[in-house]
Every structure is written in C-alpha cells, then in structure tokens.
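Enquirer: File follows, query14.tsv with TSV, C-alpha atoms and all ligand atoms:
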chain	number	residue	atom	x	y	z
E	357	PRO	CA	22.00	-29.81	18.42
E	358	ALA	CA	20.48	-26.92	16.47
E	359	ALA	CA	22.76	-23.95	15.88
E	360	PRO	CA	22.15	-21.02	18.24
E	361	ALA	CA	20.51	-18.91	15.52
E	362	VAL	CA	18.02	-21.64	14.64
E	363	ARG	CA	17.31	-22.33	18.29
E	364	ALA	CA	16.69	-18.62	18.82
E	365	SER	CA	14.16	-18.44	15.99
E	366	ARG	CA	12.29	-21.53	17.23
E	367	ASP	CA	12.30	-20.12	20.75
E	368	LEU	CA	10.89	-16.85	19.47
E	369	ALA	CA	7.65	-18.41	18.20
E	370	ALA	CA	7.30	-20.55	21.33
E	371	ARG	CA	7.86	-17.60	23.64
E	372	ALA	CA	5.38	-15.47	21.71
E	373	ARG	CA	2.83	-18.25	21.92
E	374	ALA	CA	3.14	-18.15	25.70
E	375	VAL	CA	2.23	-14.45	25.91
E	376	LEU	CA	-0.36	-14.10	23.12
E	377	PRO	CA	-4.07	-14.91	23.32
E	378	ALA	CA	-4.47	-18.34	21.68
E	379	ALA	CA	-6.62	-16.99	18.83
E	380	ALA	CA	-4.06	-14.30	18.01
E	381	TYR	CA	-1.17	-16.76	18.00
E	382	GLU	CA	-3.10	-19.16	15.78
E	383	PHE	CA	-4.05	-16.38	13.35
E	384	TYR	CA	-0.42	-15.26	12.95
E	385	ALA	CA	1.02	-18.78	12.77
E	386	ALA	CA	-1.54	-20.33	10.42
E	387	GLY	CA	-0.88	-21.46	6.88
E	388	ALA	CA	-3.49	-22.44	4.30
E	389	ASP	CA	-5.07	-25.84	3.93
E	390	GLU	CA	-2.62	-28.59	5.00
E	391	GLU	CA	0.08	-26.01	5.79
E	392	ILE	CA	2.57	-27.74	3.49
E	393	SER	CA	3.99	-24.51	2.04
E	394	ALA	CA	3.98	-22.84	5.45
E	395	GLY	CA	5.92	-25.77	6.87
E	396	GLU	CA	8.67	-26.05	4.29
E	397	ALA	CA	9.70	-22.46	3.49
E	398	ALA	CA	12.42	-22.31	6.15
E	399	ASP	CA	13.85	-25.72	5.26
E	400	ALA	CA	14.31	-24.66	1.64
E	401	TRP	CA	16.82	-22.00	2.74
E	402	ARG	CA	18.54	-24.45	5.08
E	403	ASP	CA	18.90	-27.03	2.30
E	404	ARG	CA	21.44	-24.88	0.44
E	405	ARG	CA	25.18	-25.37	1.05
E	406	LEU	CA	27.89	-22.73	0.74
E	407	LEU	CA	31.38	-22.49	-0.72
E	408	PRO	CA	33.06	-19.85	1.47
E	409	ARG	CA	35.89	-17.74	0.07
E	410	VAL	CA	39.08	-17.40	2.16
E	411	LEU	CA	41.84	-14.78	2.56
E	412	ARG	CA	39.62	-11.85	1.52
E	413	ASP	CA	40.25	-9.28	4.30
E	414	VAL	CA	37.05	-9.33	6.29
E	415	SER	CA	38.47	-7.17	9.08
E	416	SER	CA	35.55	-4.82	8.55
E	417	VAL	CA	32.21	-6.08	7.26
E	418	ASP	CA	29.47	-3.73	6.07
E	419	THR	CA	25.91	-5.08	5.82
E	420	GLY	CA	24.59	-1.74	4.54
E	421	THR	CA	22.69	-1.59	1.27
E	422	GLU	CA	20.56	0.72	-0.83
E	423	LEU	CA	17.07	-0.07	-2.09
E	424	LEU	CA	15.17	2.21	-4.49
E	425	GLY	CA	17.28	5.12	-3.29
E	426	THR	CA	16.96	4.41	0.45
E	427	ARG	CA	20.05	3.58	2.54
E	428	LEU	CA	19.50	0.70	4.95
E	429	ALA	CA	21.62	-0.80	7.74
E	430	SER	CA	21.07	-4.26	6.29
E	431	PRO	CA	19.09	-5.96	3.52
E	432	VAL	CA	16.52	-7.26	6.03
E	433	LEU	CA	13.15	-5.48	6.01
E	434	ALA	CA	9.97	-5.81	8.04
E	435	GLY	CA	7.34	-7.20	5.65
E	436	PRO	CA	3.64	-6.38	5.68
E	437	THR	CA	1.60	-8.30	8.26
E	438	ALA	CA	-1.90	-7.47	9.39
E	439	PHE	CA	-3.41	-6.47	12.74
E	440	HIS	CA	-0.43	-5.62	14.96
E	441	ARG	CA	-2.71	-4.46	17.77
E	442	MET	CA	-3.52	-8.13	18.41
E	443	ALA	CA	0.16	-8.59	19.28
E	444	HIS	CA	0.85	-5.36	21.14
E	445	ASP	CA	-1.21	-2.49	22.46
E	446	GLU	CA	0.65	0.11	20.39
E	447	GLY	CA	0.48	-2.02	17.27
E	448	GLU	CA	2.11	-0.77	14.08
E	449	THR	CA	3.35	2.42	15.77
E	450	ALA	CA	5.66	0.33	17.96
E	451	THR	CA	6.69	-1.82	15.01
E	452	ALA	CA	7.58	1.28	13.01
E	453	ALA	CA	9.64	2.77	15.85
E	454	GLY	CA	11.47	-0.53	16.35
E	455	VAL	CA	12.24	-0.87	12.66
E	456	ALA	CA	13.46	2.72	12.44
E	457	ALA	CA	15.81	2.28	15.41
E	458	ALA	CA	17.40	-0.69	13.60
E	459	GLY	CA	17.95	1.39	10.45
E	460	SER	CA	15.58	-0.80	8.46
E	461	LEU	CA	12.44	-0.23	6.42
E	462	LEU	CA	8.82	-1.12	7.26
E	463	VAL	CA	6.28	-2.26	4.70
E	464	LEU	CA	3.03	-1.19	6.35
E	465	SER	CA	0.11	-3.54	5.72
E	466	SER	CA	-3.10	-2.06	4.38
E	467	ARG	CA	-4.74	-4.22	7.08
E	468	ALA	CA	-2.96	-2.21	9.77
E	469	THR	CA	-4.61	-1.33	13.07
E	470	ARG	CA	-2.98	2.11	13.29
E	471	HIS	CA	-3.60	5.02	10.93
E	472	PRO	CA	-0.81	5.70	8.44
E	473	GLU	CA	-0.21	9.19	9.89
E	474	GLU	CA	0.38	7.72	13.38
E	475	VAL	CA	2.73	5.10	11.95
E	476	ALA	CA	4.58	7.64	9.81
E	477	ALA	CA	5.24	9.81	12.85
E	478	ALA	CA	7.12	6.92	14.49
E	479	ALA	CA	8.69	5.46	11.35
E	480	GLY	CA	11.89	5.80	9.40
E	481	PRO	CA	11.54	4.99	5.72
E	482	TRP	CA	8.38	3.00	4.96
E	483	TRP	CA	6.46	1.55	2.03
E	484	TYR	CA	2.74	0.91	1.91
E	485	GLN	CA	1.27	-2.48	0.96
E	486	VAL	CA	-1.89	-2.41	-1.14
E	487	TYR	CA	-4.67	-4.89	-1.65
E	488	TRP	CA	-6.71	-3.78	-4.62
E	489	LEU	CA	-10.24	-4.08	-3.24
E	490	ARG	CA	-13.54	-4.76	-4.99
E	491	ASP	CA	-14.50	-1.25	-3.94
E	492	ALA	CA	-11.72	0.59	-5.79
E	493	GLU	CA	-12.73	3.84	-4.08
E	494	ILE	CA	-11.56	2.44	-0.72
E	495	THR	CA	-8.26	1.47	-2.34
E	496	ARG	CA	-7.81	4.92	-3.86
E	497	ARG	CA	-8.48	6.62	-0.51
E	498	GLN	CA	-6.06	4.28	1.29
E	499	VAL	CA	-3.34	4.95	-1.28
E	500	GLU	CA	-3.83	8.72	-1.25
E	501	ARG	CA	-3.65	8.72	2.54
E	502	ALA	CA	-0.44	6.66	2.54
E	503	VAL	CA	1.14	8.90	-0.10
E	504	ALA	CA	0.22	12.02	1.89
E	505	ALA	CA	1.67	10.43	5.05
E	506	GLY	CA	5.01	9.85	3.34
E	507	ALA	CA	5.17	6.29	1.95
E	508	ARG	CA	8.16	6.01	-0.40
E	509	ALA	CA	6.83	3.13	-2.51
E	510	LEU	CA	3.80	0.89	-2.87
E	511	VAL	CA	3.78	-2.90	-2.63
E	512	LEU	CA	0.88	-4.43	-4.57
E	513	THR	CA	0.12	-7.89	-3.19
E	514	VAL	CA	-1.18	-10.09	-6.00
E	515	ASP	CA	-1.24	-13.62	-4.57
E	516	ALA	CA	-4.51	-13.18	-2.71
E	517	PRO	CA	-7.46	-12.86	-5.15
E	518	TYR	CA	-9.31	-14.89	-2.53
E	519	VAL	CA	-8.42	-15.91	1.00
E	520	PRO	CA	-8.42	-19.70	1.36
E	521	PRO	CA	-9.54	-21.66	4.42
E	522	ARG	CA	-7.08	-21.54	7.27
E	523	ALA	CA	-7.22	-23.12	10.70
E	524	THR	CA	-8.53	-19.88	12.17
E	525	SER	CA	-11.05	-18.97	9.45
E	526	GLY	CA	-14.34	-17.79	10.88
E	527	LEU	CA	-13.00	-17.22	14.38
E	528	PRO	CA	-13.40	-13.65	15.60
E	529	LEU	CA	-10.13	-11.72	15.57
E	530	PRO	CA	-9.16	-10.79	19.13
E	531	LEU	CA	-8.73	-7.09	18.29
E	532	PRO	CA	-9.24	-4.32	20.89
E	533	GLU	CA	-12.96	-3.64	20.86
E	534	ASP	CA	-12.75	-0.11	22.20
E	535	ASP	CA	-10.77	1.05	19.17
E	536	GLU	CA	-12.71	2.43	16.21
E	537	LEU	CA	-10.06	1.58	13.61
E	538	CYS	CA	-9.70	-1.98	14.93
E	539	ARG	CA	-13.47	-2.43	14.74
E	540	ALA	CA	-13.50	-0.99	11.22
E	541	VAL	CA	-10.62	-3.18	10.02
E	542	GLY	CA	-11.86	-6.32	11.78
E	543	VAL	CA	-15.40	-5.98	10.53
E	544	GLY	CA	-14.46	-4.28	7.25
E	545	THR	CA	-12.24	-7.12	6.04
E	546	ARG	CA	-15.34	-9.31	5.98
E	547	LEU	CA	-17.55	-6.85	4.10
E	548	PRO	CA	-17.98	-7.36	0.32
E	549	GLY	CA	-16.35	-4.07	-0.80
E	550	TRP	CA	-13.25	-4.79	1.28
E	551	GLU	CA	-12.49	-8.13	-0.34
E	552	GLN	CA	-9.59	-8.26	-2.76
E	553	ASP	CA	-10.73	-7.75	-6.36
E	554	PRO	CA	-10.25	-11.15	-8.08
E	555	SER	CA	-10.55	-9.60	-11.56
E	556	LEU	CA	-7.28	-7.72	-11.13
E	557	GLY	CA	-4.92	-7.72	-14.14
E	558	LEU	CA	-1.51	-6.37	-15.09
E	559	ASP	CA	-2.90	-2.89	-15.78
E	560	ALA	CA	-3.33	-2.40	-12.02
E	561	ILE	CA	0.43	-1.77	-11.76
E	562	GLY	CA	0.31	1.26	-14.06
E	563	ARG	CA	-2.93	2.53	-12.53
E	564	LEU	CA	-1.42	2.40	-9.07
E	565	HIS	CA	1.72	4.17	-10.24
E	566	ARG	CA	-0.31	6.97	-11.88
E	567	MET	CA	-2.57	7.25	-8.83
E	568	SER	CA	0.35	7.65	-6.43
E	569	GLY	CA	3.39	8.86	-8.36
E	570	LEU	CA	5.33	6.20	-6.39
E	571	PRO	CA	7.31	3.16	-7.54
E	572	VAL	CA	5.17	0.01	-7.39
E	573	LEU	CA	6.65	-3.33	-6.36
E	574	VAL	CA	4.62	-6.47	-7.00
E	575	LYS	CA	4.51	-8.99	-4.14
E	576	GLY	CA	3.59	-12.63	-4.48
E	577	VAL	CA	5.34	-13.56	-7.73
E	578	LEU	CA	6.77	-17.09	-8.05
E	579	ARG	CA	7.19	-17.47	-11.84
E	580	ALA	CA	9.65	-16.01	-14.33
E	581	ASP	CA	6.93	-15.26	-16.92
E	582	ASP	CA	4.84	-13.36	-14.36
E	583	ALA	CA	7.90	-11.42	-13.22
E	584	ARG	CA	8.69	-10.41	-16.80
E	585	ALA	CA	5.08	-9.34	-17.40
E	586	CYS	CA	5.02	-7.27	-14.20
E	587	VAL	CA	8.23	-5.46	-15.15
E	588	ALA	CA	6.94	-4.85	-18.68
E	589	ALA	CA	3.80	-3.37	-17.07
E	590	GLY	CA	5.93	-0.93	-15.06
E	591	ALA	CA	6.78	-2.71	-11.80
E	592	ALA	CA	9.76	-1.11	-10.03
E	593	GLY	CA	10.53	-4.35	-8.21
E	594	VAL	CA	9.29	-7.87	-7.64
E	595	ILE	CA	8.88	-9.69	-4.33
E	596	VAL	CA	9.12	-13.47	-4.57
E	597	SER	CA	6.71	-14.76	-1.96
E	598	ASN	CA	4.03	-17.35	-1.28
E	599	HIS	CA	2.51	-15.19	1.44
E	600	GLY	CA	4.04	-17.23	4.24
E	601	GLY	CA	2.15	-20.29	2.98
E	602	ARG	CA	-1.19	-18.63	3.68
E	603	GLN	CA	-2.56	-18.60	0.10
E	604	LEU	CA	-2.12	-21.53	-2.34
E	605	ASP	CA	-0.94	-24.49	-0.31
E	606	ARG	CA	1.80	-26.44	-2.12
E	607	ALA	CA	2.97	-23.26	-3.83
E	608	VAL	CA	6.71	-23.73	-4.27
E	609	ALA	CA	9.06	-22.50	-1.53
E	610	PRO	CA	10.29	-18.93	-2.26
E	611	ALA	CA	13.91	-20.14	-1.94
E	612	GLU	CA	13.27	-22.48	-4.87
E	613	ALA	CA	11.36	-19.97	-7.00
E	614	LEU	CA	13.87	-17.16	-6.54
E	615	PRO	CA	16.61	-18.12	-9.06
E	616	ALA	CA	14.31	-18.20	-12.09
E	617	VAL	CA	12.79	-14.83	-11.21
E	618	VAL	CA	16.24	-13.31	-10.72
E	619	ALA	CA	17.34	-14.73	-14.07
E	620	ALA	CA	14.24	-13.23	-15.73
E	621	VAL	CA	14.24	-9.68	-14.31
E	622	GLY	CA	17.09	-9.30	-11.82
E	623	ASP	CA	19.16	-7.17	-14.19
E	624	ARG	CA	16.30	-4.66	-14.56
E	625	VAL	CA	14.64	-4.31	-11.16
E	626	PRO	CA	15.42	-5.34	-7.59
E	627	VAL	CA	14.10	-8.79	-6.70
E	628	LEU	CA	13.17	-9.23	-3.04
E	629	VAL	CA	12.05	-12.40	-1.30
E	630	ASP	CA	10.21	-13.51	1.85
E	631	GLY	CA	9.08	-16.69	3.54
E	632	GLY	CA	10.89	-18.69	6.19
E	633	VAL	CA	13.95	-16.43	6.47
E	634	ARG	CA	14.98	-17.24	10.03
E	635	THR	CA	18.73	-16.58	10.36
E	636	GLY	CA	21.43	-14.29	9.03
E	637	THR	CA	22.79	-17.23	7.06
E	638	ASP	CA	19.39	-17.60	5.37
E	639	VAL	CA	19.81	-13.97	4.32
E	640	LEU	CA	23.28	-14.72	2.92
E	641	VAL	CA	21.82	-17.61	0.89
E	642	ALA	CA	18.99	-15.41	-0.42
E	643	LEU	CA	21.43	-12.71	-1.52
E	644	ALA	CA	23.72	-15.31	-3.11
E	645	LEU	CA	20.67	-16.48	-5.08
E	646	GLY	CA	20.25	-12.93	-6.36
E	647	ALA	CA	17.79	-11.30	-3.96
E	648	ARG	CA	18.53	-7.64	-3.17
E	649	ALA	CA	16.78	-7.87	0.20
E	650	VAL	CA	14.57	-10.13	2.30
E	651	LEU	CA	11.42	-9.43	4.28
E	652	LEU	CA	10.41	-10.95	7.62
E	653	GLY	CA	6.80	-11.75	8.44
E	654	ARG	CA	6.06	-13.74	11.57
E	655	PRO	CA	9.37	-13.09	13.40
E	656	VAL	CA	8.48	-9.37	13.53
E	657	VAL	CA	5.05	-10.12	14.98
E	658	TRP	CA	6.51	-12.47	17.61
E	659	SER	CA	9.13	-9.88	18.60
E	660	LEU	CA	6.51	-7.15	18.78
E	661	ALA	CA	4.38	-9.31	21.07
E	662	LEU	CA	7.33	-10.08	23.33
E	663	GLY	CA	9.10	-6.75	23.50
E	664	GLY	CA	7.25	-4.00	21.66
E	665	ALA	CA	9.42	-1.57	19.69
E	666	ALA	CA	12.58	-2.68	21.52
E	667	GLY	CA	11.81	-6.30	20.67
E	668	VAL	CA	11.53	-5.48	16.97
E	669	THR	CA	14.81	-3.55	17.07
E	670	ALA	CA	16.55	-6.45	18.84
E	671	LEU	CA	15.26	-8.88	16.21
E	672	LEU	CA	16.53	-6.83	13.27
E	673	ASP	CA	19.83	-6.15	15.06
E	674	SER	CA	20.32	-9.88	15.60
E	675	TYR	CA	19.71	-10.61	11.90
E	676	ARG	CA	22.24	-7.92	11.03
E	677	THR	CA	24.83	-9.35	13.42
E	678	GLN	CA	24.25	-12.88	12.15
E	679	LEU	CA	24.49	-11.73	8.54
E	680	SER	CA	27.70	-9.86	9.31
E	681	THR	CA	29.22	-13.00	10.84
E	682	ALA	CA	28.09	-15.19	7.95
E	683	MET	CA	29.48	-12.67	5.43
E	684	ALA	CA	32.85	-12.59	7.20
E	685	LEU	CA	33.07	-16.38	7.30
E	686	ALA	CA	32.09	-16.55	3.62
E	687	GLY	CA	34.76	-13.98	2.66
E	688	CYS	CA	32.41	-11.10	1.84
E	689	ALA	CA	33.26	-7.68	3.27
E	690	ARG	CA	30.24	-5.98	1.73
E	691	VAL	CA	26.83	-6.92	0.38
E	692	ALA	CA	27.96	-6.32	-3.21
E	693	ASP	CA	30.57	-9.09	-2.74
E	694	ILE	CA	27.86	-11.72	-2.22
E	695	GLY	CA	27.36	-13.73	-5.40
E	696	PRO	CA	26.11	-17.06	-6.78
E	697	ASP	CA	29.63	-18.56	-6.67
E	698	LEU	CA	29.07	-18.91	-2.90
E	699	LEU	CA	26.43	-21.58	-3.54
E	700	HIS	CA	27.55	-25.17	-3.78
E	701	GLY	CA	25.80	-26.48	-6.88
E	702	GLY	CA	25.26	-22.93	-8.17
E	703	ALA	CA	22.18	-20.74	-8.10
I	1	LIG	C1	0.92	-11.87	6.25
I	1	LIG	N1	1.27	-11.48	4.98
I	1	LIG	C2	0.70	-10.35	4.43
I	1	LIG	N2	1.08	-9.91	3.21
I	1	LIG	C3	0.56	-8.79	2.68
I	1	LIG	O1	0.94	-8.42	1.57
I	1	LIG	N3	-0.37	-8.07	3.37
I	1	LIG	C4	-0.79	-8.44	4.61
I	1	LIG	O2	-1.62	-7.77	5.23
I	1	LIG	C5	-0.27	-9.63	5.16
I	1	LIG	N4	-0.69	-10.06	6.39
I	1	LIG	C6	-0.07	-11.14	6.96
I	1	LIG	C7	-0.43	-11.49	8.25
I	1	LIG	C8	0.22	-12.54	8.87
I	1	LIG	C9	-0.15	-12.89	10.28
I	1	LIG	C10	1.24	-13.26	8.19
I	1	LIG	C11	1.99	-14.39	8.84
I	1	LIG	C12	1.56	-12.92	6.91
I	1	LIG	C13	2.37	-12.18	4.27
I	1	LIG	C14	3.73	-11.60	4.69
I	1	LIG	O3	3.92	-10.33	4.13
I	1	LIG	C15	4.91	-12.46	4.20
I	1	LIG	O4	4.76	-12.76	2.84
I	1	LIG	C16	5.10	-13.76	4.98
I	1	LIG	O5	4.67	-13.65	6.31
I	1	LIG	C17	6.57	-14.15	4.95
I	1	LIG	O6	6.77	-15.36	5.57
I	1	LIG	P1	7.33	-15.52	7.09
I	1	LIG	O7	8.50	-14.59	7.29
I	1	LIG	O8	6.17	-15.23	7.98
I	1	LIG	O9	7.73	-16.95	7.08
If you took the structure in this file and wrote it as structure tokens, what would it be?
Expert:
Amino acid sequence: PAAPAVRASRDLAARARAVLPAAAYEFYAAGADEEISAGEAADAWRDRRLLPRVLRDVSSVDTGTELLGTRLASPVLAGPTAFHRMAHDEGETATAAGVAAAGSLLVLSSRATRHPEEVAAAAGPWWYQVYWLRDAEITRRQVERAVAAGARALVLTVDAPYVPPRATSGLPLPLPEDDELCRAVGVGTRLPGWEQDPSLGLDAIGRLHRMSGLPVLVKGVLRADDARACVAAGAAGVIVSNHGGRQLDRAVAPAEALPAVVAAVGDRVPVLVDGGVRTGTDVLVALALGARAVLLGRPVVWSLALGGAAGVTALLDSYRTQLSTAMALAGCARVADIGPDLLHGGA
C-alpha cells in the first residue's frame, strides 16, 4: 500500500477534481503534448534512496531556513500558478493569506486574477513572477506595480517563449465573468502584445534588475551551461523547473536536472527546484541534492479549491511536519545538516 503521505497527495488531486468545474480542473492538471514530463516528475523524486544517519540527537528538529534574507518556517514555497479565481472565489488573496499563516513565501504569478495590492495586503513575504511580454510596456507596468506593492524579488520565467498545445488549449477559461481583472487577464493572455516575447535573451535579467532594483531569479533552467550564463548575467538565483511538464514535453525531470545545476552555480546563488514535489521526503531528497528550497504548483491550487486560505495553510503545514519527521529519521536536526551523503549512490 502507498505510504500515507503519497496517498494524501493523490487524494488531494482527486478531491479537488470533485469540487472544481471540469474545465478548471483540466486546465490546472494538464501537461503539454503527450504529458510525459508531467507524468514522471514525481516518480523521479521517489526513485532516489536514502542513507539515514543514526545517533545524531534529533530531539528537536528545526525546518526553518533563510532565502535571500527572508526567514521561512520551512524550505517549501508556493510557486507561481495562474488564475486562482478559477479555483476559489477569493483567488490569490486567499492563497497569500494561507501561505503567510504557514510562515512561507508566495511567488505571485503575473497571470494572477487579483491585483498585486490586494494580494500584498493579505500576504507575508512574496516574490513576483514575470513573463517578459511582446509588449514590453505592459511588462514594465506590471513590474513597477509589483515593486510598489512590496514584492521582495522577481522570478523571470524563461521556459515559455511559446505555449505549446495542451489538452485544454482553445477552451474558454472558466473565470468569473463579472470581474474586470479576470476578463482582462483571460482575454489579454490571448492578445498579441500579451504573449511572451520569444526573442528574449540573457540581457533581460540585467534589464529587469535595473527596472526594479530587486534580485532576479530565473525560473525554468534545466542545464548547467544555462545556469552559469544566467548567474554571469546577474541572476540572484536559479529555479530548476520544467514548468510542471506544461512546456517542452520530454524535458528531463527536475529531480534529474538538479545535481548538474547545483554543481555549476550552487556555491554562488541559491538553486531552487519545482515539479512533482509531493511529500516531505521529496523535499528532503531535493535538499540533499543541493536545492535550497522547493516550490509547489498544483498542490497549492488543489488545496485552495478545497479549503481556501485554511486549505493552503494546512497543505504547507503538512509538508513541514512531513519534512520534520523525515529529517529526524535521517539524523538531521536542522536544514543545514542535510547533505548529499544522505543519498544512496550520491548526488
Ligand atoms: C503553472 N506554472 C507557472 N509558472 C510560471 O512561472 N507562471 C505561471 O503563471 C504559471 N502558471 C501555472 C499554472 C498552472 C495551472 C500550473 C500547473 C503551473 C508552473 C509552476 O510554477 C511550476 O513550475 C509547476 O507547477 C511545478 O510543478 P507541480 O508542483 O505542479 O508538479
């Protein structure tokens, strides 16, 4: 039988499916093309085996960590996902409140269905995710607004120069029609100026940093050479991700790409990772492979749909509890104790 944590994460998607409109569930769940990458991300974490340490005094375990100067209750963040008002009436405002109550950090999507000021009012620490759009003026206005609202860093997503066919492509998004922002975002994302600029190059990192005065993390990196180039261009961090399998299908699982990126830049900037992280033990494996933190995509959306802000808090609390247990059983009293020696076969 599946371990309780795995069963809980499978149940989460199934329970969310039961309460969401079908088109919303399909939009959130979908991967690109044949959904090969979307299907195997979680298994890549579960394939790793551990070598626990014993007799290390784990009477008190601390999952706390610090990321770009921000103290967090655990190294598990809420990643950027679009259109939260399809999952819950309050949308990103509820997500932000739920994340804050868990002592975590929200990366707010630039495809959000709440204004950044509304989200900021409910949020603890938050970062703002950026798509560099064909109409750079829209991008500049979005960034300035996020900076003014209090974003502590920017996350430039670079794995989406185009959006590939997905099962739900072309279907209307079931967004609230009476809401001006939802109409603007839903319609806007299909207008030419709102498409991601496919000519984007490394100089975008420096431009974004100068525009905002904020650290810029680059999300969607899977290769060591790209990671090195991003850091040389001024990136304050790198997020190893294949966008939840929604961009290039057959892109390697983040769990498999992570070690080479850590080896390339991990001594200079924090390396984060997302994709298929479903249990606290997955988090332990990611940290043992050298990640400084992980981000959750779909689990946050499912929890929002099921329980609003409280659901998001409960999700993050359960990851923290699971991580704490896994750390204790692996002989790690604090996050800094987690290292590659825990991995059978090495990182
Ligand atoms: C995403 N993702 C994403 N990424 C981003 O940079 N900006 C965005 O607006 C979105 N929107 C989005 C919507 C939905 C419905 C999903 C599922 C994903 C990608 C996201 O940040 C993250 O990389 C993956 O979701 C991580 O994988 P898991 O945790 O969903 O397996």
Enquirer: Using all atoms listed in the file, pick whichever of E:Thr545, E:Asn598, E:Ser555, E:Ser674 has the shortest atom-to-atom distance to ligand LIG 1 (chain I).
Expert: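 Of E:Thr545, E:Asn598, E:Ser555, E:Ser674, the one nearest ligand LIG 1 (chain I), counting all atoms listed in the file, is E:Asn598.
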Enquirer: Given the choices E:Ala588, E:Leu570, E:Ala492, E:Val656, which gets closest to ligand LIG 1 (chain I) if the distance is worked out from all atoms listed in the file?
Expert: E:Val656
Enquirer: Around ligand LIG 1 (chain I), with edges along x, y and z and 3 Å added on all six sides, what centre and edge lengths do you get, in Å to one decimal, as lines of an AutoDock Vina configuration file?
Expert:
center_x = 3.4
center_y = -12.4
center_z = 5.9
size_x = 16.1
size_y = 15.2
size_z = 14.7
Enquirer: Around ligand LIG 1 (chain I), at most 8 Å away and counting all atoms listed in the file, which residues are there? Put them as an NGL selection string, please.
Expert: :E and (383-387 or 394 or 397-398 or 435-439 or 465-468 or 485-487 or 511-513 or 575-576 or 597-602 or 630-634 or 651-655 or 657)
Enquirer: What gap, in Å, lies between CA of Ala591 (chain E) and CA of Gly622 (chain E)?
Expert: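 These atoms are spaced 12.2 Å apart.
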